[in-house]
>>> print(open('model-v2.pdb').read())   # PDB, C-alpha atoms, pLDDT in the B column
MODEL        1
ATOM      1  CA  MET P   1      93.877  54.073  40.050  1.00 59.00           C
ATOM      2  CA  LYS P   2      91.492  56.920  40.934  1.00 55.00           C
ATOM      3  CA  THR P   3      92.715  56.869  44.542  1.00 58.00           C
ATOM      4  CA  ILE P   4      96.335  57.097  43.398  1.00 53.00           C
ATOM      5  CA  LEU P   5      95.576  60.014  41.058  1.00 51.00           C
ATOM      6  CA  SER P   6      93.610  61.829  43.757  1.00 57.00           C
ATOM      7  CA  SER P   7      96.490  61.418  46.208  1.00 55.00           C
ATOM      8  CA  LEU P   8      98.951  62.791  43.658  1.00 52.00           C
ATOM      9  CA  ALA P   9      96.721  65.808  42.995  1.00 53.00           C
ATOM     10  CA  ILE P  10      96.286  66.601  46.712  1.00 52.00           C
ATOM     11  CA  VAL P  11     100.002  66.347  47.341  1.00 52.00           C
ATOM     12  CA  ALA P  12     100.767  68.542  44.331  1.00 50.00           C
ATOM     13  CA  LEU P  13      98.445  71.243  45.658  1.00 49.00           C
ATOM     14  CA  SER P  14     100.112  71.033  49.062  1.00 51.00           C
ATOM     15  CA  ILE P  15     103.493  71.452  47.413  1.00 50.00           C
ATOM     16  CA  GLY P  16     102.362  74.538  45.538  1.00 49.00           C
ATOM     17  CA  ALA P  17     101.118  76.099  48.753  1.00 45.00           C
ATOM     18  CA  ALA P  18     104.247  75.337  50.748  1.00 48.00           C
ATOM     19  CA  ASN P  19     106.649  78.203  51.540  1.00 48.00           C
ATOM     20  CA  ALA P  20     109.928  76.377  51.975  1.00 55.00           C
ATOM     21  CA  GLN P  21     113.435  76.124  50.632  1.00 88.00           C
ATOM     22  CA  THR P  22     113.545  73.380  48.031  1.00 93.00           C
ATOM     23  CA  THR P  23     116.622  71.231  47.367  1.00 95.00           C
ATOM     24  CA  TYR P  24     117.190  68.776  44.523  1.00 97.00           C
ATOM     25  CA  GLY P  25     118.776  65.389  44.219  1.00 98.00           C
ATOM     26  CA  LEU P  26     119.684  62.439  42.010  1.00 98.00           C
ATOM     27  CA  LYS P  27     119.814  58.761  42.913  1.00 98.00           C
ATOM     28  CA  ALA P  28     120.425  55.553  41.012  1.00 98.00           C
ATOM     29  CA  GLY P  29     120.870  51.882  41.717  1.00 98.00           C
ATOM     30  CA  MET P  30     119.718  48.318  41.178  1.00 98.00           C
ATOM     31  CA  ASN P  31     116.174  46.999  40.882  1.00 98.00           C
ATOM     32  CA  PHE P  32     115.201  43.378  41.499  1.00 98.00           C
ATOM     33  CA  GLY P  33     111.773  42.674  40.086  1.00 97.00           C
ATOM     34  CA  LYS P  34     109.089  40.039  39.937  1.00 97.00           C
ATOM     35  CA  ILE P  35     105.360  39.916  39.245  1.00 95.00           C
ATOM     36  CA  THR P  36     102.373  38.527  41.121  1.00 95.00           C
ATOM     37  CA  ASN P  37     100.378  35.328  40.464  1.00 91.00           C
ATOM     38  CA  TYR P  38     103.172  33.310  38.827  1.00 88.00           C
ATOM     39  CA  ASP P  39     105.211  30.486  40.363  1.00 86.00           C
ATOM     40  CA  SER P  40     108.857  29.501  39.796  1.00 86.00           C
ATOM     41  CA  GLN P  41     110.104  33.079  39.586  1.00 93.00           C
ATOM     42  CA  LYS P  42     113.580  34.490  40.073  1.00 92.00           C
ATOM     43  CA  LEU P  43     114.232  38.147  40.764  1.00 95.00           C
ATOM     44  CA  LYS P  44     115.063  40.023  37.559  1.00 96.00           C
ATOM     45  CA  PRO P  45     117.928  42.542  37.963  1.00 97.00           C
ATOM     46  CA  SER P  46     117.657  45.925  36.305  1.00 98.00           C
ATOM     47  CA  TYR P  47     118.324  49.563  37.253  1.00 98.00           C
ATOM     48  CA  PHE P  48     116.674  52.851  38.153  1.00 98.00           C
ATOM     49  CA  VAL P  49     117.588  56.536  37.837  1.00 98.00           C
ATOM     50  CA  THR P  50     115.575  59.166  39.721  1.00 98.00           C
ATOM     51  CA  GLY P  51     115.626  62.939  39.925  1.00 98.00           C
ATOM     52  CA  PHE P  52     113.715  64.519  42.800  1.00 98.00           C
ATOM     53  CA  ALA P  53     112.941  67.725  44.662  1.00 97.00           C
ATOM     54  CA  ASP P  54     112.880  67.841  48.463  1.00 97.00           C
ATOM     55  CA  ILE P  55     110.367  70.371  49.784  1.00 96.00           C
ATOM     56  CA  PRO P  56     110.520  70.786  53.595  1.00 95.00           C
ATOM     57  CA  LEU P  57     107.177  71.284  55.332  1.00 92.00           C
ATOM     58  CA  SER P  58     108.749  71.249  58.801  1.00 86.00           C
ATOM     59  CA  GLY P  59     112.121  70.521  60.419  1.00 84.00           C
ATOM     60  CA  LYS P  60     111.709  66.744  60.056  1.00 93.00           C
ATOM     61  CA  PHE P  61     109.088  66.312  57.344  1.00 96.00           C
ATOM     62  CA  SER P  62     109.374  66.804  53.566  1.00 96.00           C
ATOM     63  CA  ILE P  63     107.494  66.080  50.364  1.00 96.00           C
ATOM     64  CA  GLN P  64     109.551  64.629  47.510  1.00 97.00           C
ATOM     65  CA  PRO P  65     108.055  64.689  44.003  1.00 97.00           C
ATOM     66  CA  GLY P  66     110.237  63.285  41.250  1.00 97.00           C
ATOM     67  CA  ILE P  67     110.601  61.612  37.894  1.00 98.00           C
ATOM     68  CA  SER P  68     112.158  58.177  37.521  1.00 98.00           C
ATOM     69  CA  LEU P  69     113.291  55.719  34.856  1.00 98.00           C
ATOM     70  CA  GLN P  70     112.557  52.234  36.191  1.00 98.00           C
ATOM     71  CA  GLY P  71     113.559  48.833  34.857  1.00 98.00           C
ATOM     72  CA  LYS P  72     111.206  46.063  35.968  1.00 97.00           C
ATOM     73  CA  GLY P  73     110.176  42.524  35.055  1.00 95.00           C
ATOM     74  CA  THR P  74     110.754  38.931  36.105  1.00 95.00           C
ATOM     75  CA  ARG P  75     112.291  35.592  35.125  1.00 93.00           C
ATOM     76  CA  ILE P  76     110.050  32.517  35.170  1.00 90.00           C
ATOM     77  CA  GLU P  77     111.770  29.121  35.088  1.00 85.00           C
ATOM     78  CA  ASP P  78     110.053  25.738  34.699  1.00 75.00           C
ATOM     79  CA  GLU P  79     111.861  22.417  34.912  1.00 57.00           C
ATOM     80  CA  ILE P  80     110.319  19.791  32.611  1.00 53.00           C
ATOM     81  CA  PRO P  81     111.280  16.076  32.855  1.00 51.00           C
ATOM     82  CA  ILE P  82     112.710  14.523  29.682  1.00 50.00           C
ATOM     83  CA  PHE P  83     110.998  11.169  29.255  1.00 47.00           C
ATOM     84  CA  GLN P  84     113.203   8.058  29.017  1.00 47.00           C
ATOM     85  CA  GLN P  85     116.114  10.123  30.366  1.00 49.00           C
ATOM     86  CA  SER P  86     117.184  10.890  33.912  1.00 52.00           C
ATOM     87  CA  SER P  87     117.374  14.624  33.264  1.00 54.00           C
ATOM     88  CA  THR P  88     115.251  17.717  32.894  1.00 60.00           C
ATOM     89  CA  THR P  89     115.106  20.716  30.619  1.00 64.00           C
ATOM     90  CA  THR P  90     114.612  24.229  31.966  1.00 73.00           C
ATOM     91  CA  ASN P  91     112.438  26.695  30.072  1.00 84.00           C
ATOM     92  CA  LYS P  92     113.100  30.333  30.845  1.00 86.00           C
ATOM     93  CA  SER P  93     110.915  33.356  30.130  1.00 90.00           C
ATOM     94  CA  ASP P  94     112.360  36.799  30.797  1.00 93.00           C
ATOM     95  CA  LEU P  95     110.070  39.819  30.947  1.00 95.00           C
ATOM     96  CA  ASN P  96     111.910  43.149  30.697  1.00 96.00           C
ATOM     97  CA  LEU P  97     109.967  46.370  31.195  1.00 97.00           C
ATOM     98  CA  MET P  98     111.099  50.000  31.121  1.00 98.00           C
ATOM     99  CA  SER P  99     108.819  52.548  32.725  1.00 98.00           C
ATOM    100  CA  ILE P 100     108.737  56.255  33.440  1.00 98.00           C
ATOM    101  CA  GLU P 101     107.302  56.952  36.891  1.00 98.00           C
ATOM    102  CA  ILE P 102     106.229  60.066  38.743  1.00 98.00           C
ATOM    103  CA  PRO P 103     106.486  59.393  42.492  1.00 98.00           C
ATOM    104  CA  VAL P 104     105.352  61.776  45.237  1.00 98.00           C
ATOM    105  CA  ASN P 105     106.747  60.609  48.560  1.00 98.00           C
ATOM    106  CA  ALA P 106     106.325  61.850  52.115  1.00 98.00           C
ATOM    107  CA  VAL P 107     109.701  61.735  53.902  1.00 98.00           C
ATOM    108  CA  TYR P 108     110.390  61.815  57.639  1.00 98.00           C
ATOM    109  CA  TYR P 109     113.929  62.541  58.904  1.00 97.00           C
ATOM    110  CA  VAL P 110     115.425  61.378  62.213  1.00 97.00           C
ATOM    111  CA  PRO P 111     118.806  62.960  63.126  1.00 96.00           C
ATOM    112  CA  VAL P 112     121.400  60.257  63.885  1.00 97.00           C
ATOM    113  CA  GLY P 113     125.151  60.887  64.050  1.00 94.00           C
ATOM    114  CA  ASN P 114     126.479  62.927  61.131  1.00 95.00           C
ATOM    115  CA  GLY P 115     123.225  62.804  59.204  1.00 97.00           C
ATOM    116  CA  ASP P 116     119.622  61.639  59.172  1.00 97.00           C
ATOM    117  CA  ILE P 117     117.835  58.335  58.909  1.00 98.00           C
ATOM    118  CA  PHE P 118     114.875  58.834  56.593  1.00 98.00           C
ATOM    119  CA  LEU P 119     111.637  56.932  56.062  1.00 98.00           C
ATOM    120  CA  SER P 120     109.557  57.580  52.950  1.00 98.00           C
ATOM    121  CA  ALA P 121     106.323  56.386  51.406  1.00 98.00           C
ATOM    122  CA  GLY P 122     103.958  57.611  48.749  1.00 98.00           C
ATOM    123  CA  PRO P 123     102.089  56.902  45.516  1.00 98.00           C
ATOM    124  CA  TYR P 124     103.502  56.742  42.013  1.00 98.00           C
ATOM    125  CA  LEU P 125     102.026  56.888  38.527  1.00 98.00           C
ATOM    126  CA  GLY P 126     103.875  54.913  35.848  1.00 98.00           C
ATOM    127  CA  TYR P 127     103.902  54.671  32.057  1.00 98.00           C
ATOM    128  CA  ASN P 128     105.481  51.655  30.375  1.00 97.00           C
ATOM    129  CA  ILE P 129     107.556  52.880  27.431  1.00 97.00           C
ATOM    130  CA  SER P 130     108.978  49.540  26.247  1.00 97.00           C
ATOM    131  CA  GLY P 131     108.961  45.830  26.946  1.00 97.00           C
ATOM    132  CA  LYS P 132     110.478  42.620  25.671  1.00 96.00           C
ATOM    133  CA  ILE P 133     109.899  38.911  26.298  1.00 94.00           C
ATOM    134  CA  LYS P 134     112.724  36.399  25.764  1.00 92.00           C
ATOM    135  CA  ASN P 135     112.109  32.644  25.788  1.00 90.00           C
ATOM    136  CA  SER P 136     114.874  30.033  25.896  1.00 85.00           C
ATOM    137  CA  SER P 137     115.444  26.378  26.800  1.00 80.00           C
ATOM    138  CA  SER P 138     118.438  24.668  28.387  1.00 70.00           C
ATOM    139  CA  ASN P 139     118.451  21.917  25.726  1.00 70.00           C
ATOM    140  CA  SER P 140     118.427  24.368  22.826  1.00 68.00           C
ATOM    141  CA  ASN P 141     120.810  27.077  21.673  1.00 71.00           C
ATOM    142  CA  THR P 142     118.027  29.239  20.297  1.00 73.00           C
ATOM    143  CA  THR P 143     116.383  32.199  22.021  1.00 82.00           C
ATOM    144  CA  ARG P 144     113.090  33.650  20.834  1.00 88.00           C
ATOM    145  CA  SER P 145     112.469  37.313  21.508  1.00 91.00           C
ATOM    146  CA  GLU P 146     109.469  39.553  20.902  1.00 93.00           C
ATOM    147  CA  ASP P 147     108.506  43.092  21.797  1.00 95.00           C
ATOM    148  CA  VAL P 148     105.630  43.598  24.192  1.00 95.00           C
ATOM    149  CA  SER P 149     102.656  45.158  22.424  1.00 95.00           C
ATOM    150  CA  PHE P 150     100.918  47.920  24.395  1.00 95.00           C
ATOM    151  CA  SER P 151      98.209  48.746  21.840  1.00 92.00           C
ATOM    152  CA  GLY P 152      96.261  47.420  18.861  1.00 90.00           C
ATOM    153  CA  ASP P 153      94.676  44.040  18.247  1.00 87.00           C
ATOM    154  CA  ASN P 154      97.686  42.179  19.664  1.00 89.00           C
ATOM    155  CA  LYS P 155      97.846  44.212  22.856  1.00 93.00           C
ATOM    156  CA  MET P 156      99.616  42.202  25.552  1.00 93.00           C
ATOM    157  CA  MET P 157     100.070  44.652  28.421  1.00 95.00           C
ATOM    158  CA  ASN P 158      98.643  47.927  29.683  1.00 96.00           C
ATOM    159  CA  ARG P 159     100.872  50.990  29.504  1.00 96.00           C
ATOM    160  CA  TRP P 160      99.600  52.765  32.610  1.00 97.00           C
ATOM    161  CA  ASP P 161     100.651  51.595  36.037  1.00 97.00           C
ATOM    162  CA  ALA P 162     100.211  52.891  39.581  1.00 98.00           C
ATOM    163  CA  GLY P 163     101.315  51.840  43.024  1.00 98.00           C
ATOM    164  CA  ILE P 164     103.024  52.779  46.267  1.00 98.00           C
ATOM    165  CA  ASN P 165     106.720  53.272  47.093  1.00 97.00           C
ATOM    166  CA  PHE P 166     108.388  52.573  50.443  1.00 98.00           C
ATOM    167  CA  ALA P 167     112.010  53.317  51.366  1.00 98.00           C
ATOM    168  CA  VAL P 168     114.416  53.625  54.273  1.00 98.00           C
ATOM    169  CA  GLY P 169     117.870  55.154  54.115  1.00 98.00           C
ATOM    170  CA  TYR P 170     120.539  57.393  55.547  1.00 98.00           C
ATOM    171  CA  LYS P 171     121.568  60.867  54.337  1.00 98.00           C
ATOM    172  CA  LEU P 172     124.886  62.367  55.413  1.00 98.00           C
ATOM    173  CA  SER P 173     125.201  66.067  56.211  1.00 95.00           C
ATOM    174  CA  ASN P 174     127.189  66.538  52.971  1.00 96.00           C
ATOM    175  CA  GLY P 175     124.224  65.310  50.900  1.00 97.00           C
ATOM    176  CA  LEU P 176     125.348  61.770  50.108  1.00 98.00           C
ATOM    177  CA  LEU P 177     122.635  59.167  50.706  1.00 98.00           C
ATOM    178  CA  ILE P 178     121.993  55.438  50.536  1.00 98.00           C
ATOM    179  CA  GLN P 179     118.605  53.734  50.498  1.00 98.00           C
ATOM    180  CA  ALA P 180     116.709  50.476  50.207  1.00 98.00           C
ATOM    181  CA  GLY P 181     113.166  50.493  48.906  1.00 98.00           C
ATOM    182  CA  TYR P 182     110.187  48.534  47.659  1.00 98.00           C
ATOM    183  CA  GLY P 183     107.702  49.289  44.880  1.00 98.00           C
ATOM    184  CA  LEU P 184     104.233  47.790  45.302  1.00 98.00           C
ATOM    185  CA  GLY P 185     102.393  47.804  41.977  1.00 97.00           C
ATOM    186  CA  LEU P 186      98.618  47.965  42.325  1.00 97.00           C
ATOM    187  CA  SER P 187      97.504  47.967  38.674  1.00 96.00           C
ATOM    188  CA  ASN P 188      96.760  44.872  36.584  1.00 96.00           C
ATOM    189  CA  LEU P 189      99.199  45.071  33.660  1.00 96.00           C
ATOM    190  CA  ASN P 190      97.842  42.050  31.784  1.00 93.00           C
ATOM    191  CA  ALA P 191      95.672  43.259  28.897  1.00 93.00           C
ATOM    192  CA  SER P 192      94.195  39.790  28.297  1.00 87.00           C
ATOM    193  CA  GLU P 193      90.950  38.925  30.055  1.00 82.00           C
ATOM    194  CA  ASN P 194      91.585  35.208  29.506  1.00 82.00           C
ATOM    195  CA  SER P 195      94.815  34.869  31.497  1.00 83.00           C
ATOM    196  CA  LYS P 196      96.189  35.725  34.910  1.00 87.00           C
ATOM    197  CA  LYS P 197      96.191  39.251  36.245  1.00 92.00           C
ATOM    198  CA  PHE P 198      99.577  40.459  37.412  1.00 94.00           C
ATOM    199  CA  SER P 199     101.219  43.485  38.998  1.00 97.00           C
ATOM    200  CA  THR P 200     104.854  44.387  39.550  1.00 97.00           C
ATOM    201  CA  ARG P 201     106.887  44.027  42.740  1.00 97.00           C
ATOM    202  CA  THR P 202     110.324  45.662  42.900  1.00 98.00           C
ATOM    203  CA  MET P 203     113.065  45.800  45.525  1.00 98.00           C
ATOM    204  CA  ASN P 204     115.728  48.458  45.030  1.00 98.00           C
ATOM    205  CA  PHE P 205     119.081  49.494  46.477  1.00 98.00           C
ATOM    206  CA  GLY P 206     120.675  52.783  45.542  1.00 98.00           C
ATOM    207  CA  ILE P 207     122.940  55.708  46.268  1.00 98.00           C
ATOM    208  CA  GLY P 208     122.463  59.382  45.555  1.00 98.00           C
ATOM    209  CA  TYR P 209     123.269  62.978  46.290  1.00 98.00           C
ATOM    210  CA  GLN P 210     121.022  65.798  47.484  1.00 96.00           C
ATOM    211  CA  PHE P 211     122.271  69.262  46.533  1.00 92.00           C
TER     212      PHE P 211
ENDMDL
END
>>> encode(input="model-v2.pdb", output="structure tokens")
Amino acid sequence: MKTILSSLAIVALSIGAANAQTTYGLKAGMNFGKITNYDSQKLKPSYFVTGFADIPLSGKFSIQPGISLQGKGTRIEDEIPIFQQSSTTTNKSDLNLMSIEIPVNAVYYVPVGNGDIFLSAGPYLGYNISGKIKNSSSNSNTTRSEDVSFSGDNKMMNRWDAGINFAVGYKLSNGLLIQAGYGLGLSNLNASENSKKFSTRTMNFGIGYQF
């Protein structure tokens, strides 16, 4: 966490010192999330919305700070045999998280055709604003749901998160862009010392526009 915060501070200072023409953009798309250290997972679909500034440091290199609303989580499914029957029941646990993130990415542009291929990477700092766990079974019509507690005696998860973003995409000369990315969570979100540590992993696909 300290390394991530230090990196964000250094990049912010570099941005303040840069004399360049800044442009702004918006992008949105689908997230597909999971967490570490758990088996029998399926990718959990959600969404993201990001606003960013693009600050050129040279003809091909930019720094992009931003603010992002990120949906994350996972679905864990376990098949359990039903004794004396030739069938199984499937228990499902859905974890849905919503987080506000502040990414600061370094972006490198390569001119190709009527635009640029871009590669980006950088740290992010996240804050989990809400969470919900839903449990259901294939042999029952009931679904149990509870909010994730981020504080107090029943604290289940940590609010603060940090990690690294990676992305590749293509930006047209008119500002339209498409991208595919990956978020590598580095913080342990599990507040319990008696159960497994876990971090988030998120693939994303999105479109956007840079003004």
>>> resolve_selection(input="model-v2.pdb", expression="the PyMOL selection byres ((chain P and resi 57-71) around 6)", output="number ranges by chain")
P: 46-56, 72, 97-109
>>> resolve_selection(input="model-v2.pdb", expression="the PyMOL selection byres ((chain P and resi 158-163) around 6)", output="VMD selection string")
chain P and resid 123 to 128 150 157 164 184 to 187 189 191
>>> resolve_selection(input="model-v2.pdb", expression="the PyMOL selection byres ((chain P and resi 202) around 9)", output="PDB file with C-alpha atoms, in the coordinates of the input")
ATOM      1  CA  ASN P  31     116.174  46.999  40.882  1.00 98.00           C
ATOM      2  CA  PHE P  32     115.201  43.378  41.499  1.00 98.00           C
ATOM      3  CA  GLY P  33     111.773  42.674  40.086  1.00 97.00           C
ATOM      4  CA  LYS P  34     109.089  40.039  39.937  1.00 97.00           C
ATOM      5  CA  ILE P  35     105.360  39.916  39.245  1.00 95.00           C
ATOM      6  CA  LEU P  43     114.232  38.147  40.764  1.00 95.00           C
ATOM      7  CA  LYS P  72     111.206  46.063  35.968  1.00 97.00           C
ATOM      8  CA  GLY P  73     110.176  42.524  35.055  1.00 95.00           C
ATOM      9  CA  GLY P 181     113.166  50.493  48.906  1.00 98.00           C
ATOM     10  CA  TYR P 182     110.187  48.534  47.659  1.00 98.00           C
ATOM     11  CA  GLY P 183     107.702  49.289  44.880  1.00 98.00           C
ATOM     12  CA  LEU P 184     104.233  47.790  45.302  1.00 98.00           C
ATOM     13  CA  GLY P 185     102.393  47.804  41.977  1.00 97.00           C
ATOM     14  CA  THR P 200     104.854  44.387  39.550  1.00 97.00           C
ATOM     15  CA  ARG P 201     106.887  44.027  42.740  1.00 97.00           C
ATOM     16  CA  MET P 203     113.065  45.800  45.525  1.00 98.00           C
ATOM     17  CA  ASN P 204     115.728  48.458  45.030  1.00 98.00           C
TER      18      ASN P 204
END
>>> atom_distance(input="model-v2.pdb", atom1="atom CA of P:Thr36", atom2="atom CA of P:Gly169")
26.2 Å
>>> closest_residue(input="model-v2.pdb", among="P:Val112, P:Leu26, P:Ile129, P:Ala167", to="P:Asn96", atoms="only C-alpha atoms")
P:Ile129
>>> atom_distance(input="model-v2.pdb", atom1="atom CA of P:Gly131", atom2="atom CA of P:Ser145")
10.7 Å
>>> atom_distance(input="model-v2.pdb", atom1="atom CA of P:Asp94", atom2="atom CA of P:Met156")
14.8 Å
>>> residues_around(input="model-v2.pdb", residues="P:Thr143", least_positions_apart="3", cutoff="7 Å", atoms="all atoms listed in the file", output="number ranges by chain")
P: 134-136
>>> residues_around(input="model-v2.pdb", residues="P:Gln41", least_positions_apart="3", cutoff="9 Å", atoms="all atoms listed in the file", output="compact mmCIF listing (two decimals) with C-alpha atoms, in the coordinates of the input")
# COMPACT_ATOMS: atom_id res chain seq x y z
CA LYS P 34 109.09 40.04 39.94
CA ILE P 35 105.36 39.92 39.24
CA TYR P 38 103.17 33.31 38.83
CA LYS P 44 115.06 40.02 37.56
CA THR P 74 110.75 38.93 36.10
CA ARG P 75 112.29 35.59 35.12
CA ILE P 76 110.05 32.52 35.17
CA GLU P 77 111.77 29.12 35.09
CA ASP P 78 110.05 25.74 34.70
>>> residues_around(input="model-v2.pdb", residues="P:Asn114", least_positions_apart="5", cutoff="10 Å", atoms="only C-alpha atoms", output="PyMOL selection string")
chain P and resi 170-174
>>> decode(input="model-v2.pdb", residues="stretch 187-203 of chain P", atoms="N, CA, C and O atoms", output="PDB file, in the first residue's frame")
ATOM      1  N   SER P 187      -4.270  -5.540  -2.549  1.00  0.00           N
ATOM      2  CA  SER P 187      -4.616  -5.454  -1.126  1.00  0.00           C
ATOM      3  C   SER P 187      -5.469  -6.646  -0.699  1.00  0.00           C
ATOM      4  O   SER P 187      -6.318  -7.123  -1.466  1.00  0.00           O
ATOM      5  N   ASN P 188      -5.270  -7.106   0.532  1.00  0.00           N
ATOM      6  CA  ASN P 188      -6.145  -8.121   1.120  1.00  0.00           C
ATOM      7  C   ASN P 188      -7.426  -7.440   1.589  1.00  0.00           C
ATOM      8  O   ASN P 188      -7.401  -6.585   2.468  1.00  0.00           O
ATOM      9  N   LEU P 189      -8.560  -7.813   1.001  1.00  0.00           N
ATOM     10  CA  LEU P 189      -9.833  -7.185   1.361  1.00  0.00           C
ATOM     11  C   LEU P 189     -10.541  -7.893   2.503  1.00  0.00           C
ATOM     12  O   LEU P 189     -11.491  -7.352   3.068  1.00  0.00           O
ATOM     13  N   ASN P 190     -10.117  -9.103   2.841  1.00  0.00           N
ATOM     14  CA  ASN P 190     -10.776  -9.865   3.895  1.00  0.00           C
ATOM     15  C   ASN P 190     -10.369  -9.321   5.260  1.00  0.00           C
ATOM     16  O   ASN P 190      -9.194  -9.332   5.627  1.00  0.00           O
ATOM     17  N   ALA P 191     -11.355  -8.844   6.031  1.00  0.00           N
ATOM     18  CA  ALA P 191     -11.063  -8.264   7.338  1.00  0.00           C
ATOM     19  C   ALA P 191     -10.862  -9.321   8.417  1.00  0.00           C
ATOM     20  O   ALA P 191     -10.365  -9.020   9.500  1.00  0.00           O
ATOM     21  N   SER P 192     -11.247 -10.572   8.134  1.00  0.00           N
ATOM     22  CA  SER P 192     -11.116 -11.640   9.119  1.00  0.00           C
ATOM     23  C   SER P 192      -9.723 -12.258   9.080  1.00  0.00           C
ATOM     24  O   SER P 192      -9.233 -12.614   8.011  1.00  0.00           O
ATOM     25  N   GLU P 193      -9.127 -12.419  10.240  1.00  0.00           N
ATOM     26  CA  GLU P 193      -7.811 -13.053  10.321  1.00  0.00           C
ATOM     27  C   GLU P 193      -7.920 -14.575  10.336  1.00  0.00           C
ATOM     28  O   GLU P 193      -6.915 -15.270  10.238  1.00  0.00           O
ATOM     29  N   ASN P 194      -9.137 -15.092  10.448  1.00  0.00           N
ATOM     30  CA  ASN P 194      -9.333 -16.538  10.569  1.00  0.00           C
ATOM     31  C   ASN P 194      -9.779 -17.207   9.277  1.00  0.00           C
ATOM     32  O   ASN P 194     -10.096 -18.394   9.277  1.00  0.00           O
ATOM     33  N   SER P 195      -9.841 -16.453   8.183  1.00  0.00           N
ATOM     34  CA  SER P 195     -10.239 -17.040   6.902  1.00  0.00           C
ATOM     35  C   SER P 195      -9.320 -16.547   5.801  1.00  0.00           C
ATOM     36  O   SER P 195      -8.404 -15.746   6.040  1.00  0.00           O
ATOM     37  N   LYS P 196      -9.566 -17.019   4.592  1.00  0.00           N
ATOM     38  CA  LYS P 196      -8.644 -16.778   3.488  1.00  0.00           C
ATOM     39  C   LYS P 196      -8.497 -15.298   3.146  1.00  0.00           C
ATOM     40  O   LYS P 196      -9.471 -14.553   3.130  1.00  0.00           O
ATOM     41  N   LYS P 197      -7.275 -14.907   2.837  1.00  0.00           N
ATOM     42  CA  LYS P 197      -7.048 -13.591   2.257  1.00  0.00           C
ATOM     43  C   LYS P 197      -7.533 -13.612   0.816  1.00  0.00           C
ATOM     44  O   LYS P 197      -7.493 -14.646   0.152  1.00  0.00           O
ATOM     45  N   PHE P 198      -8.001 -12.477   0.329  1.00  0.00           N
ATOM     46  CA  PHE P 198      -8.345 -12.408  -1.089  1.00  0.00           C
ATOM     47  C   PHE P 198      -8.200 -10.986  -1.615  1.00  0.00           C
ATOM     48  O   PHE P 198      -8.320 -10.013  -0.888  1.00  0.00           O
ATOM     49  N   SER P 199      -7.908 -10.907  -2.902  1.00  0.00           N
ATOM     50  CA  SER P 199      -7.801  -9.647  -3.630  1.00  0.00           C
ATOM     51  C   SER P 199      -8.642  -9.753  -4.896  1.00  0.00           C
ATOM     52  O   SER P 199      -9.004 -10.842  -5.329  1.00  0.00           O
ATOM     53  N   THR P 200      -8.932  -8.620  -5.505  1.00  0.00           N
ATOM     54  CA  THR P 200      -9.757  -8.625  -6.705  1.00  0.00           C
ATOM     55  C   THR P 200      -8.924  -8.794  -7.965  1.00  0.00           C
ATOM     56  O   THR P 200      -7.757  -8.414  -8.024  1.00  0.00           O
ATOM     57  N   ARG P 201      -9.545  -9.373  -8.982  1.00  0.00           N
ATOM     58  CA  ARG P 201      -9.003  -9.464 -10.334  1.00  0.00           C
ATOM     59  C   ARG P 201     -10.140  -9.087 -11.283  1.00  0.00           C
ATOM     60  O   ARG P 201     -11.246  -9.623 -11.171  1.00  0.00           O
ATOM     61  N   THR P 202      -9.884  -8.164 -12.209  1.00  0.00           N
ATOM     62  CA  THR P 202     -10.957  -7.661 -13.062  1.00  0.00           C
ATOM     63  C   THR P 202     -10.492  -7.477 -14.502  1.00  0.00           C
ATOM     64  O   THR P 202      -9.530  -6.749 -14.754  1.00  0.00           O
ATOM     65  N   MET P 203     -11.172  -8.139 -15.432  1.00  0.00           N
ATOM     66  CA  MET P 203     -10.992  -7.854 -16.855  1.00  0.00           C
ATOM     67  C   MET P 203     -12.040  -6.830 -17.268  1.00  0.00           C
ATOM     68  O   MET P 203     -13.160  -6.835 -16.743  1.00  0.00           O
TER      69      MET P 203
END
